[in-house]
Amino acid sequence: MSAPVLRFLRCWAPFPLAAPRDRTAAEHGAGSPTAPAWGGDGEPHRRPRDACLGSSDKELKSGSAATGSAPTALGIPGQRRPGVEVMDSAGGTPGLIPHPCRVLVLLNPRGGKGKALQLFRSHVQPLLAQAGVSFTLMLTERRNHARELVRTQELGLWDVLVVMSGDGLMHEVVNGLMERPDWETAIRKPLCSLPAGSANALAASVNHYSGYEQVANEELLTNCTLLLCRRLLTPMNLLSLHTASGLRLFSVLSLAWGFIADVDLESEKYRSLGYIRFTVGTFLRLASLRTYQGRLAYLPVGGATSGMPASPVLDDRGPENTLLVPLDQPVPAHWTVVPEQEFVLVLALLHSHLGSDMFAAPMGRCEAGAMHLFYVRAGVSRATLLRLFLAMEKGRHMEYNCPHLVYVPVVAFRLEPKDGGGVFTVDGELMVSEAVQGQVHPDYCWMVSGCSRSPSSRAFPPPPSPQEPS
């Protein structure tokens, strides 16, 4: 995007537009270093965007894993950002990864701008070495390679599965775990997201939940790596999806239909630009703004009735979807059916961020078993829609009280596009446009995080202990 256009946006936008940042890629390397025990001195960065690096940070960012060098410090200790709201007030002690820790790193070397392996060597490996975290590095070579790997790996050899890429690779890993015969145990293997893709929404959400200011690029990667070194775990929700063709899949982040999905897919050709690809895609889609026809229904938080539907959706694999009925049946009477049938976008979101610079859900972290549902009705102007997206960087888009933008926390939803119109993305990955419905399962997986939230009331056993290698 040209400099004149960016200058115009900063003047025109209701809130300042941040300068575009490089969005880095994701993949892996190999090694299993041993190192001194973790000292616990560093803290994730709490840095204004234009602040200078401290000397310790400069050493970290210049460290060369190829020559075996490591930073002399883990960065300047930072302070937590005050007032990170959690919609559910449940406190408690989160899980803890064993120490010393063994991790499997799945890295996509082509993700984002294609620099993931370089970033792993320069930013991640030195911190892991200093924390006493040994690792096995596997590089993905094709689409769904990570999915295939986790289906067959002996998971007991590692304490954590580390995914270094964008959100799509974590989608592969979770669905691979759910396809295993021992899926009930496998999905409890702790997961860690290290950002090296284009959007990095899951990593940005974890950074937010952990109480730290919104950062991107290397700062976000360093924060997430330090959280791994601190070994804290928190349970997170999982979205189970069923489609009209009989497909069942699981989402760790979002389902998008309409404008957001179009931007995500159409901007793929600009992947070399990093995160700015989404800005370019937004402008191109605004220039030819479309609407999408379909039917939307949902079960709001607090709207569930006791017992399950007379004909619930059953599946041999994965948790029971007790709130859903088959797609060829009407939704239950206690669901809310949206009267409008023409939309600009529909977004079901499990977490706070839709990208490292898109604070989509400032209302706080969803309670266990819930997700954010946004939809924009047809009739919104291009100018208003652009203002909303620009304000989303700081999470201020809801302050507009735009009558076309609707938000509701839900536990389940159904979306039926008319004549297959529009495209779907699940965790940023393309899905066939067809009727789909989903239900949130509370606290179904463990994620490395710096926040403390106890699991929900359902039986949720702690992550399994790793096996000793033979």
# chains A, B, ... in the order shown; residues from 1 in each chain; ligands from 1
>>> residues_around(residues="region 390-407 of chain A", least_positions_apart="4", cutoff="7 Å", atoms="only C-alpha atoms", output="PyMOL selection string")
chain A and resi 13+15+17+357-362+373-377+380+386
>>> residues_around(residues="Leu161 (chain A)", least_positions_apart="2", cutoff="12 Å", atoms="only C-alpha atoms", output="ChimeraX atom specification")
/A:97,101-107,135-138,146,149-150,153-159,163-164,169-170,173-174,177,186-194,228,445-448,466
>>> atom_distance(atom1="CA of Glu148 (chain A)", atom2="CA of Glu179 (chain A)")
9.5 Å
>>> closest_atom_pairs(of="region 167-213 of chain A", to="region 417-426 of chain A", cutoff="10 Å", atoms="only C-alpha atoms", output="Markdown table")
| residue | atom | partner | partner_atom | distance |
| --- | --- | --- | --- | --- |
| A:Asp167 | CA | A:Val426 | CA | 9.7 |
| A:Gly168 | CA | A:Val426 | CA | 8.4 |
| A:His171 | CA | A:Val426 | CA | 8.2 |
>>> write_last_selection(atoms="N, CA, C and O atoms", output="PDB file, in the first residue's frame")
ATOM      1  N   ASP A 167      -2.375 -19.477  12.284  1.00  0.00           N
ATOM      2  CA  ASP A 167      -3.470 -20.185  12.941  1.00  0.00           C
ATOM      3  C   ASP A 167      -3.869 -21.455  12.198  1.00  0.00           C
ATOM      4  O   ASP A 167      -4.404 -22.384  12.803  1.00  0.00           O
ATOM      5  N   GLY A 168      -3.603 -21.516  10.898  1.00  0.00           N
ATOM      6  CA  GLY A 168      -3.986 -22.688  10.125  1.00  0.00           C
ATOM      7  C   GLY A 168      -3.274 -23.949  10.564  1.00  0.00           C
ATOM      8  O   GLY A 168      -3.849 -25.039  10.529  1.00  0.00           O
ATOM      9  N   HIS A 171      -4.886 -25.354  13.567  1.00  0.00           N
ATOM     10  CA  HIS A 171      -6.119 -26.017  13.124  1.00  0.00           C
ATOM     11  C   HIS A 171      -5.814 -27.448  12.680  1.00  0.00           C
ATOM     12  O   HIS A 171      -6.534 -28.391  13.040  1.00  0.00           O
TER      13      HIS A 171
END
>>> select_by_dssp(residues="region 122-245 of chain A", states="helix (DSSP H, G or I)", output="NGL selection string")
:A and (122-131 or 145-152 or 155-157 or 167-178 or 183-186 or 201-209 or 217-230)
>>> select_by_dssp(residues="region 222-377 of chain A", states="strand (DSSP E)", output="NGL selection string")
:A and (232-243 or 248-251 or 254-258 or 292-300 or 336-337 or 342-349 or 371-377)
>>> write_last_selection(atoms="C-alpha atoms", output="compact mmCIF listing (two decimals), in the first residue's frame")
# COMPACT_ATOMS: atom_id res chain seq x y z
CA LEU A 232 1.69 -22.29 32.89
CA LEU A 233 -1.38 -23.83 31.27
CA THR A 234 -4.99 -22.76 31.05
CA PRO A 235 -7.99 -24.62 29.60
CA MET A 236 -9.59 -23.26 26.44
CA ASN A 237 -12.83 -23.86 24.55
CA LEU A 238 -13.14 -25.95 21.41
CA LEU A 239 -15.72 -25.42 18.66
CA SER A 240 -17.22 -28.54 17.08
CA LEU A 241 -18.63 -28.02 13.56
CA HIS A 242 -20.95 -30.16 11.45
CA THR A 243 -21.66 -29.47 7.78
CA ARG A 248 -17.15 -32.88 11.23
CA LEU A 249 -14.24 -30.68 12.15
CA PHE A 250 -12.99 -28.67 15.09
CA SER A 251 -12.01 -25.02 15.39
CA SER A 254 -13.12 -18.83 14.31
CA LEU A 255 -15.58 -19.46 11.55
CA ALA A 256 -16.08 -16.59 9.11
CA TRP A 257 -18.55 -16.16 6.25
CA GLY A 258 -18.80 -13.25 3.85
CA TYR A 292 -24.58 -12.63 1.13
CA GLN A 293 -27.96 -14.26 1.58
CA GLY A 294 -28.57 -16.94 4.17
CA ARG A 295 -30.27 -17.87 7.42
CA LEU A 296 -28.63 -17.45 10.81
CA ALA A 297 -29.81 -18.88 14.13
CA TYR A 298 -28.12 -19.21 17.50
CA LEU A 299 -28.53 -20.29 21.10
CA PRO A 300 -27.49 -17.37 23.32
CA THR A 336 -33.07 -17.27 18.28
CA VAL A 337 -33.60 -16.99 14.53
CA GLU A 342 -28.94 -10.63 3.93
CA PHE A 343 -25.54 -10.06 5.49
CA VAL A 344 -22.17 -8.47 4.83
CA LEU A 345 -20.41 -10.86 7.22
CA VAL A 346 -20.94 -13.41 9.97
CA LEU A 347 -18.16 -14.24 12.43
CA ALA A 348 -18.12 -16.85 15.21
CA LEU A 349 -15.02 -16.16 17.32
CA MET A 371 -18.10 -17.83 21.97
CA HIS A 372 -18.54 -14.41 20.41
CA LEU A 373 -20.98 -14.10 17.51
CA PHE A 374 -20.83 -10.99 15.31
CA TYR A 375 -22.81 -10.24 12.19
CA VAL A 376 -23.16 -7.17 9.98
CA ARG A 377 -26.48 -6.71 8.23
>>> closest_residue(among="A:Gly302, A:Pro109, A:Pro319, A:Pro195", to="Gln439 (chain A)", atoms="only C-alpha atoms")
A:Pro319
>>> closest_residue(among="A:Gly166, A:Arg231, A:Ala244, A:Gly379", to="Gly132 (chain A)", atoms="only C-alpha atoms")
A:Arg231
>>> closest_residue(among="A:Ala116, A:Leu430, A:Leu388, A:Leu354", to="Leu253 (chain A)", atoms="only C-alpha atoms")
A:Leu354
>>> residues_around(residues="Gly303 (chain A)", least_positions_apart="2", cutoff="9 Å", atoms="only C-alpha atoms", output="PDB file with N, CA and C atoms, in the first residue's frame")
ATOM      1  N   LEU A 299     -28.085 -20.079  19.725  1.00  0.00           N
ATOM      2  CA  LEU A 299     -28.532 -20.290  21.103  1.00  0.00           C
ATOM      3  C   LEU A 299     -27.696 -19.376  21.989  1.00  0.00           C
ATOM      4  N   PRO A 300     -28.288 -18.316  22.527  1.00  0.00           N
ATOM      5  CA  PRO A 300     -27.489 -17.374  23.321  1.00  0.00           C
ATOM      6  C   PRO A 300     -27.057 -17.969  24.647  1.00  0.00           C
ATOM      7  N   VAL A 301     -26.028 -17.396  25.219  1.00  0.00           N
ATOM      8  CA  VAL A 301     -25.593 -17.799  26.551  1.00  0.00           C
ATOM      9  C   VAL A 301     -26.762 -17.615  27.522  1.00  0.00           C
ATOM     10  N   THR A 305     -31.740 -25.037  27.596  1.00  0.00           N
ATOM     11  CA  THR A 305     -32.712 -25.695  28.468  1.00  0.00           C
ATOM     12  C   THR A 305     -32.137 -27.007  28.963  1.00  0.00           C
ATOM     13  N   HIS A 334     -36.357 -22.947  21.246  1.00  0.00           N
ATOM     14  CA  HIS A 334     -35.793 -21.954  22.155  1.00  0.00           C
ATOM     15  C   HIS A 334     -34.576 -21.235  21.571  1.00  0.00           C
ATOM     16  N   TRP A 335     -34.196 -21.548  20.339  1.00  0.00           N
ATOM     17  CA  TRP A 335     -33.127 -20.824  19.673  1.00  0.00           C
ATOM     18  C   TRP A 335     -33.654 -19.483  19.149  1.00  0.00           C
ATOM     19  N   VAL A 410     -22.808 -16.579  22.458  1.00  0.00           N
ATOM     20  CA  VAL A 410     -23.639 -17.751  22.180  1.00  0.00           C
ATOM     21  C   VAL A 410     -22.906 -19.020  22.597  1.00  0.00           C
ATOM     22  N   VAL A 411     -23.670 -20.111  22.653  1.00  0.00           N
ATOM     23  CA  VAL A 411     -23.086 -21.423  22.924  1.00  0.00           C
ATOM     24  C   VAL A 411     -23.188 -22.339  21.707  1.00  0.00           C
TER      25      VAL A 411
END
>>> atom_distance(atom1="CA of Pro339 (chain A)", atom2="CA of Val313 (chain A)")
24.9 Å
